[in-house]
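S.K.: As input, take my_file05.txt (compact mmCIF, N, CA and C atoms and all ligand atoms):
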```
# COMPACT_ATOMS: atom_id res chain seq x y z
N MET A 9 0.84 -1.19 0.00
CA MET A 9 0.00 0.00 0.00
C MET A 9 0.87 1.25 0.00
N LYS A 10 0.48 2.23 -0.82
CA LYS A 10 1.25 3.46 -0.91
C LYS A 10 1.08 4.29 0.36
N PRO A 11 2.17 4.94 0.78
CA PRO A 11 2.03 5.84 1.93
C PRO A 11 1.09 6.99 1.58
N LEU A 12 0.34 7.44 2.57
CA LEU A 12 -0.67 8.46 2.32
C LEU A 12 -0.07 9.82 1.97
N ASN A 13 1.18 10.04 2.33
CA ASN A 13 1.75 11.37 2.07
C ASN A 13 2.49 11.42 0.74
N GLN A 14 2.38 10.39 -0.09
CA GLN A 14 3.01 10.42 -1.41
C GLN A 14 2.03 11.03 -2.40
N HIS A 15 2.43 12.12 -3.05
CA HIS A 15 1.49 12.86 -3.88
C HIS A 15 1.68 12.57 -5.35
N ARG A 16 0.59 12.55 -6.07
CA ARG A 16 0.60 12.45 -7.53
C ARG A 16 -0.09 13.66 -8.09
N GLU A 17 0.31 14.04 -9.29
CA GLU A 17 -0.42 15.10 -9.98
C GLU A 17 -1.75 14.54 -10.46
N LEU A 18 -2.82 15.29 -10.28
CA LEU A 18 -4.13 14.85 -10.74
C LEU A 18 -4.47 15.56 -12.05
N SER A 19 -4.99 14.78 -12.99
CA SER A 19 -5.36 15.35 -14.28
C SER A 19 -6.79 15.85 -14.27
N GLN A 20 -7.55 15.49 -13.25
CA GLN A 20 -8.93 15.94 -13.17
C GLN A 20 -9.36 15.92 -11.71
N ASP A 21 -10.51 16.49 -11.43
CA ASP A 21 -11.09 16.48 -10.10
C ASP A 21 -11.95 15.22 -9.98
N PHE A 22 -11.57 14.33 -9.09
CA PHE A 22 -12.28 13.05 -8.97
C PHE A 22 -13.43 13.09 -7.98
N ARG A 23 -13.63 14.21 -7.35
CA ARG A 23 -14.70 14.28 -6.35
C ARG A 23 -16.06 14.28 -7.05
N MET A 24 -16.98 13.57 -6.44
CA MET A 24 -18.34 13.48 -6.99
C MET A 24 -19.34 13.71 -5.87
N TYR A 25 -20.51 14.17 -6.29
CA TYR A 25 -21.51 14.60 -5.31
C TYR A 25 -22.88 14.04 -5.67
N LEU A 26 -23.67 13.80 -4.64
CA LEU A 26 -25.05 13.37 -4.80
C LEU A 26 -25.94 14.56 -4.46
N PRO A 27 -26.47 15.26 -5.45
CA PRO A 27 -27.30 16.44 -5.15
C PRO A 27 -28.52 16.10 -4.30
N HIS A 28 -29.06 14.90 -4.47
CA HIS A 28 -30.21 14.47 -3.66
C HIS A 28 -29.78 13.24 -2.87
N ALA A 29 -29.02 13.46 -1.82
CA ALA A 29 -28.33 12.38 -1.13
C ALA A 29 -29.22 11.52 -0.24
N GLU A 30 -30.41 11.99 0.07
CA GLU A 30 -31.26 11.28 1.01
C GLU A 30 -31.56 9.88 0.49
N GLY A 31 -31.30 8.88 1.33
CA GLY A 31 -31.62 7.50 0.98
C GLY A 31 -30.54 6.76 0.22
N TRP A 32 -29.48 7.44 -0.16
CA TRP A 32 -28.40 6.80 -0.91
C TRP A 32 -27.30 6.35 0.02
N LEU A 33 -26.68 5.21 -0.32
CA LEU A 33 -25.52 4.71 0.39
C LEU A 33 -24.40 4.48 -0.61
N ALA A 34 -23.16 4.72 -0.18
CA ALA A 34 -21.99 4.43 -1.02
C ALA A 34 -21.29 3.19 -0.47
N HIS A 35 -20.92 2.30 -1.36
CA HIS A 35 -20.29 1.04 -0.95
C HIS A 35 -19.05 0.76 -1.78
N VAL A 36 -18.25 -0.17 -1.28
CA VAL A 36 -17.20 -0.80 -2.09
C VAL A 36 -17.56 -2.27 -2.19
N LYS A 37 -17.66 -2.75 -3.42
CA LYS A 37 -17.99 -4.17 -3.62
C LYS A 37 -16.83 -5.02 -3.15
N THR A 38 -17.12 -5.99 -2.30
CA THR A 38 -16.09 -6.92 -1.85
C THR A 38 -16.56 -8.33 -2.13
N GLY A 39 -15.67 -9.14 -2.62
CA GLY A 39 -15.99 -10.53 -2.95
C GLY A 39 -16.39 -10.65 -4.40
N TRP A 40 -16.50 -11.89 -4.84
CA TRP A 40 -16.69 -12.18 -6.26
C TRP A 40 -18.08 -12.73 -6.56
N ASP A 41 -19.02 -12.61 -5.61
CA ASP A 41 -20.40 -12.97 -5.93
C ASP A 41 -20.92 -12.01 -6.99
N LYS A 42 -21.82 -12.50 -7.83
CA LYS A 42 -22.30 -11.67 -8.94
C LYS A 42 -23.26 -10.60 -8.44
N GLN A 43 -22.95 -9.38 -8.78
CA GLN A 43 -23.80 -8.26 -8.41
C GLN A 43 -23.88 -7.36 -9.64
N TYR A 44 -25.10 -6.98 -10.00
CA TYR A 44 -25.29 -6.27 -11.25
C TYR A 44 -25.72 -4.83 -11.00
N CYS A 45 -25.27 -3.97 -11.90
CA CYS A 45 -25.72 -2.59 -11.91
C CYS A 45 -27.20 -2.57 -12.30
N TYR A 46 -27.96 -1.66 -11.71
CA TYR A 46 -29.39 -1.57 -11.98
C TYR A 46 -29.67 -0.96 -13.35
N ALA A 47 -28.70 -0.27 -13.91
CA ALA A 47 -28.88 0.37 -15.22
C ALA A 47 -28.04 -0.37 -16.26
N LYS A 48 -28.33 -0.11 -17.51
CA LYS A 48 -27.57 -0.72 -18.60
C LYS A 48 -26.72 0.34 -19.27
N ASN A 49 -25.59 -0.11 -19.81
CA ASN A 49 -24.77 0.80 -20.62
C ASN A 49 -25.47 1.06 -21.94
N PRO A 50 -25.23 2.22 -22.52
CA PRO A 50 -25.81 2.51 -23.85
C PRO A 50 -25.39 1.42 -24.83
N ASP A 51 -26.30 1.01 -25.69
CA ASP A 51 -26.04 0.00 -26.72
C ASP A 51 -25.78 -1.39 -26.15
N GLU A 52 -26.12 -1.62 -24.89
CA GLU A 52 -26.02 -2.97 -24.32
C GLU A 52 -27.40 -3.36 -23.83
N ASP A 53 -27.77 -4.62 -24.03
CA ASP A 53 -29.10 -5.06 -23.60
C ASP A 53 -29.00 -5.99 -22.39
N PHE A 54 -27.92 -5.85 -21.63
CA PHE A 54 -27.75 -6.66 -20.42
C PHE A 54 -27.29 -5.77 -19.28
N PHE A 55 -27.54 -6.26 -18.08
CA PHE A 55 -27.07 -5.53 -16.89
C PHE A 55 -25.63 -5.95 -16.63
N HIS A 56 -24.73 -5.00 -16.52
CA HIS A 56 -23.32 -5.34 -16.36
C HIS A 56 -22.96 -5.54 -14.89
N LEU A 57 -21.87 -6.25 -14.69
CA LEU A 57 -21.42 -6.60 -13.35
C LEU A 57 -20.80 -5.41 -12.64
N ILE A 58 -20.96 -5.38 -11.35
CA ILE A 58 -20.14 -4.54 -10.47
C ILE A 58 -19.09 -5.49 -9.90
N VAL A 59 -17.82 -5.17 -10.06
CA VAL A 59 -16.75 -6.12 -9.75
C VAL A 59 -16.13 -5.86 -8.39
N ASN A 60 -15.39 -6.83 -7.93
CA ASN A 60 -14.71 -6.75 -6.64
C ASN A 60 -13.86 -5.48 -6.56
N GLY A 61 -14.06 -4.69 -5.52
CA GLY A 61 -13.27 -3.47 -5.33
C GLY A 61 -13.87 -2.23 -5.96
N GLU A 62 -14.99 -2.38 -6.66
CA GLU A 62 -15.59 -1.24 -7.36
C GLU A 62 -16.48 -0.44 -6.41
N PHE A 63 -16.39 0.86 -6.53
CA PHE A 63 -17.30 1.74 -5.79
C PHE A 63 -18.67 1.71 -6.47
N TYR A 64 -19.73 1.69 -5.67
CA TYR A 64 -21.06 1.77 -6.26
C TYR A 64 -22.01 2.43 -5.27
N LEU A 65 -23.14 2.83 -5.78
CA LEU A 65 -24.15 3.49 -4.96
C LEU A 65 -25.37 2.59 -4.85
N GLN A 66 -26.08 2.73 -3.75
CA GLN A 66 -27.28 1.92 -3.56
C GLN A 66 -28.41 2.80 -3.03
N HIS A 67 -29.58 2.57 -3.59
CA HIS A 67 -30.80 3.22 -3.10
C HIS A 67 -31.86 2.15 -3.03
N GLY A 68 -32.20 1.71 -1.83
CA GLY A 68 -33.10 0.56 -1.69
C GLY A 68 -32.45 -0.67 -2.29
N ASP A 69 -33.15 -1.35 -3.19
CA ASP A 69 -32.58 -2.54 -3.84
C ASP A 69 -31.78 -2.19 -5.08
N GLU A 70 -31.80 -0.92 -5.49
CA GLU A 70 -31.13 -0.53 -6.73
C GLU A 70 -29.67 -0.19 -6.47
N LYS A 71 -28.80 -0.83 -7.25
CA LYS A 71 -27.36 -0.57 -7.15
C LYS A 71 -26.88 -0.03 -8.48
N TYR A 72 -26.05 1.00 -8.42
CA TYR A 72 -25.57 1.66 -9.64
C TYR A 72 -24.06 1.77 -9.60
N CYS A 73 -23.42 1.42 -10.72
CA CYS A 73 -22.00 1.75 -10.86
C CYS A 73 -21.90 3.27 -11.01
N LEU A 74 -20.72 3.81 -10.84
CA LEU A 74 -20.57 5.26 -10.86
C LEU A 74 -20.80 5.84 -12.25
N ASN A 75 -20.45 5.09 -13.30
CA ASN A 75 -20.71 5.57 -14.66
C ASN A 75 -22.21 5.73 -14.90
N CYS A 76 -22.98 4.72 -14.54
CA CYS A 76 -24.43 4.80 -14.76
C CYS A 76 -25.05 5.88 -13.87
N ALA A 77 -24.57 5.99 -12.64
CA ALA A 77 -25.08 7.04 -11.75
C ALA A 77 -24.78 8.43 -12.32
N MET A 78 -23.61 8.57 -12.90
CA MET A 78 -23.25 9.85 -13.51
C MET A 78 -24.11 10.10 -14.75
N ARG A 79 -24.27 9.07 -15.58
CA ARG A 79 -25.03 9.21 -16.83
C ARG A 79 -26.49 9.56 -16.53
N GLN A 80 -27.03 9.03 -15.46
CA GLN A 80 -28.43 9.26 -15.14
C GLN A 80 -28.65 10.51 -14.29
N GLY A 81 -27.59 11.22 -14.01
CA GLY A 81 -27.74 12.46 -13.26
C GLY A 81 -27.91 12.26 -11.76
N ILE A 82 -27.64 11.04 -11.29
CA ILE A 82 -27.69 10.79 -9.85
C ILE A 82 -26.48 11.44 -9.19
N LEU A 83 -25.33 11.31 -9.86
CA LEU A 83 -24.07 11.88 -9.39
C LEU A 83 -23.71 13.09 -10.24
N THR A 84 -22.95 13.98 -9.67
CA THR A 84 -22.41 15.09 -10.44
C THR A 84 -21.00 15.39 -9.98
N THR A 85 -20.20 15.96 -10.86
CA THR A 85 -18.87 16.44 -10.47
C THR A 85 -18.91 17.92 -10.12
N GLU A 86 -20.09 18.51 -10.21
CA GLU A 86 -20.23 19.94 -9.95
C GLU A 86 -20.28 20.18 -8.45
N ARG A 87 -19.19 20.70 -7.94
CA ARG A 87 -19.06 20.86 -6.49
C ARG A 87 -20.12 21.81 -5.93
N LEU A 88 -20.45 22.81 -6.68
CA LEU A 88 -21.41 23.81 -6.20
C LEU A 88 -22.81 23.52 -6.72
N ASN A 89 -23.13 22.21 -6.87
CA ASN A 89 -24.43 21.83 -7.44
C ASN A 89 -25.60 22.39 -6.66
N TRP A 90 -25.43 22.56 -5.36
CA TRP A 90 -26.54 23.06 -4.54
C TRP A 90 -26.86 24.52 -4.88
N GLN A 91 -25.89 25.23 -5.50
CA GLN A 91 -26.16 26.63 -5.87
C GLN A 91 -26.92 26.74 -7.18
N THR A 92 -26.74 25.74 -8.05
CA THR A 92 -27.36 25.81 -9.37
C THR A 92 -28.63 24.99 -9.47
N ARG A 93 -28.92 24.23 -8.43
CA ARG A 93 -30.12 23.40 -8.46
C ARG A 93 -31.37 24.26 -8.50
N GLN A 94 -32.35 23.83 -9.27
CA GLN A 94 -33.56 24.63 -9.40
C GLN A 94 -34.42 24.59 -8.13
N ASN A 95 -34.48 23.44 -7.50
CA ASN A 95 -35.36 23.30 -6.34
C ASN A 95 -34.58 23.40 -5.03
N ARG A 96 -33.64 24.33 -5.00
CA ARG A 96 -32.83 24.45 -3.79
C ARG A 96 -33.70 24.96 -2.63
N PRO A 97 -33.33 24.54 -1.43
CA PRO A 97 -34.10 25.01 -0.27
C PRO A 97 -33.90 26.50 -0.06
N HIS A 98 -34.89 27.15 0.47
CA HIS A 98 -34.83 28.60 0.69
C HIS A 98 -34.19 28.92 2.02
ZN ZN A 101 -23.74 0.68 -14.44
```
Please express what this file holds, its structure, as structure tokens.
Ligand SMILES: [Zn+2]
M.R.:
Amino acid sequence: MKPLNQHRELSQDFRMYLPHAEGWLAHVKTGWDKQYCYAKNPDEDFFHLIVNGEFYLQHGDEKYCLNCAMRQGILTTERLNWQTRQNRPH
């Protein structure tokens, strides 16, 4: 394991946000039992696997890989999403 104080240059901002976080959980898939993303990739007619070590989100029984969550607007990379949201609290 790399020491925590060893720095790398980042080519992008990897932080992601759930604008509507209520009810969502973030997990890391552990083990090799088959677990499928609730959404499908574009041009695929099957549910793809979430693999060992992969980050994923869960809402009730629905599990989403981060790509599908991003594609469906569940996740955003916009840090100030709460400022641009239309239904922001007053
Ligand atoms: Zn997916």
S.K.: With a distance cut-off of 8 Å and all atoms listed in the file, select the neighbouring residues of range 48-56 of chain A, excluding the residue or stretch itself and same-chain residues fewer than 3 positions from it, and output the selection as a list in words.
M.R.: Gln43, Tyr44, Cys45, Val59, Asn75 and Cys76 of chain A
S.K.: Could you work out how far atom N of Gln66 in chain A lies from atom N of Trp32 in chain A, giving the answer in Å with one decimal?
M.R.: 6.8 Å
S.K.: With all atoms listed in the file as the counted atoms, please give the residues lying no more than 6.5 Å from Leu65 in chain A, apart from itself and same-chain residues fewer than 6 positions off, as a list in words.
M.R.: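 So the residues in contact are Trp32, Leu33, Ala34, His35, Lys71, Tyr72, Cys73 and Leu74 of chain A.
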S.K.: Work out how far CA of Leu57 in chain A is from CA of Pro27 in chain A, in Å to one decimal.
M.R.: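 Those two atoms sit 25.2 Å apart.
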S.K.: Enumerate the residues of chain A with a DSSP assignment of alpha helix (DSSP H), computed from the backbone, and present them as a VMD selection string.
M.R.: chain A and resid 74 to 79 89 to 92
S.K.: Quick one: write out the picked residues with N, CA and C atoms as a PDB file, in the frame of the given file?
M.R.:
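Okay, this is what ended up in result_8.pdb:
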```
ATOM      1  N   LEU A  74     -20.720   3.810 -10.840  1.00  0.00           N
ATOM      2  CA  LEU A  74     -20.570   5.260 -10.860  1.00  0.00           C
ATOM      3  C   LEU A  74     -20.800   5.840 -12.250  1.00  0.00           C
ATOM      4  N   ASN A  75     -20.450   5.090 -13.300  1.00  0.00           N
ATOM      5  CA  ASN A  75     -20.710   5.570 -14.660  1.00  0.00           C
ATOM      6  C   ASN A  75     -22.210   5.730 -14.900  1.00  0.00           C
ATOM      7  N   CYS A  76     -22.980   4.720 -14.540  1.00  0.00           N
ATOM      8  CA  CYS A  76     -24.430   4.800 -14.760  1.00  0.00           C
ATOM      9  C   CYS A  76     -25.050   5.880 -13.870  1.00  0.00           C
ATOM     10  N   ALA A  77     -24.570   5.990 -12.640  1.00  0.00           N
ATOM     11  CA  ALA A  77     -25.080   7.040 -11.750  1.00  0.00           C
ATOM     12  C   ALA A  77     -24.780   8.430 -12.320  1.00  0.00           C
ATOM     13  N   MET A  78     -23.610   8.570 -12.900  1.00  0.00           N
ATOM     14  CA  MET A  78     -23.250   9.850 -13.510  1.00  0.00           C
ATOM     15  C   MET A  78     -24.110  10.100 -14.750  1.00  0.00           C
ATOM     16  N   ARG A  79     -24.270   9.070 -15.580  1.00  0.00           N
ATOM     17  CA  ARG A  79     -25.030   9.210 -16.830  1.00  0.00           C
ATOM     18  C   ARG A  79     -26.490   9.560 -16.530  1.00  0.00           C
ATOM     19  N   ASN A  89     -23.130  22.210  -6.870  1.00  0.00           N
ATOM     20  CA  ASN A  89     -24.430  21.830  -7.440  1.00  0.00           C
ATOM     21  C   ASN A  89     -25.600  22.390  -6.660  1.00  0.00           C
ATOM     22  N   TRP A  90     -25.430  22.560  -5.360  1.00  0.00           N
ATOM     23  CA  TRP A  90     -26.540  23.060  -4.540  1.00  0.00           C
ATOM     24  C   TRP A  90     -26.860  24.520  -4.880  1.00  0.00           C
ATOM     25  N   GLN A  91     -25.890  25.230  -5.500  1.00  0.00           N
ATOM     26  CA  GLN A  91     -26.160  26.630  -5.870  1.00  0.00           C
ATOM     27  C   GLN A  91     -26.920  26.740  -7.180  1.00  0.00           C
ATOM     28  N   THR A  92     -26.740  25.740  -8.050  1.00  0.00           N
ATOM     29  CA  THR A  92     -27.360  25.810  -9.370  1.00  0.00           C
ATOM     30  C   THR A  92     -28.630  24.990  -9.470  1.00  0.00           C
TER      31      THR A  92
END
```
S.K.: Taking all atoms listed in the file into account, which of A:Gln80, A:Gln91, A:Ala47, A:Gly61 comes nearest ligand ZN 101 (chain A)?
M.R.: A:Ala47
S.K.: Determine which residues of chain A receive a DSSP assignment of strand (DSSP E), computed from the backbone, and state them as a list in words.
M.R.: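 Checking each residue of chain A, the strand (DSSP E) ones are Leu33, Ala34, His35, Val36, Tyr44, Cys45, Tyr46, Ala47, Lys48, Phe55, His56, Leu57, Phe63, Tyr64, Leu65, Gln66, His67, Glu70, Lys71, Tyr72 and Cys73 of chain A.
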S.K.: Grab the atom C of Gly39 in chain A to atom N of Asn60 in chain A distance for me, in Å with one decimal place.
M.R.: 5.3 Å
S.K.: Of the candidates A:Glu86, A:Glu62, A:Asp69, A:Asp41, which shows the shortest atom-to-atom distance to Arg23 in chain A, using only C-alpha atoms?
M.R.: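 Once distances to Arg23 in chain A are computed over only C-alpha atoms, the minimum belongs to A:Glu86.
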S.K.: May I ask which of the residues A:Ala29, A:Glu17, A:Tyr46, A:Phe63 is the closest one to ligand ZN 101 (chain A), counting all atoms listed in the file?
M.R.: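 Of A:Ala29, A:Glu17, A:Tyr46, A:Phe63, the one nearest ligand ZN 101 (chain A) is A:Tyr46, counting all atoms listed in the file.
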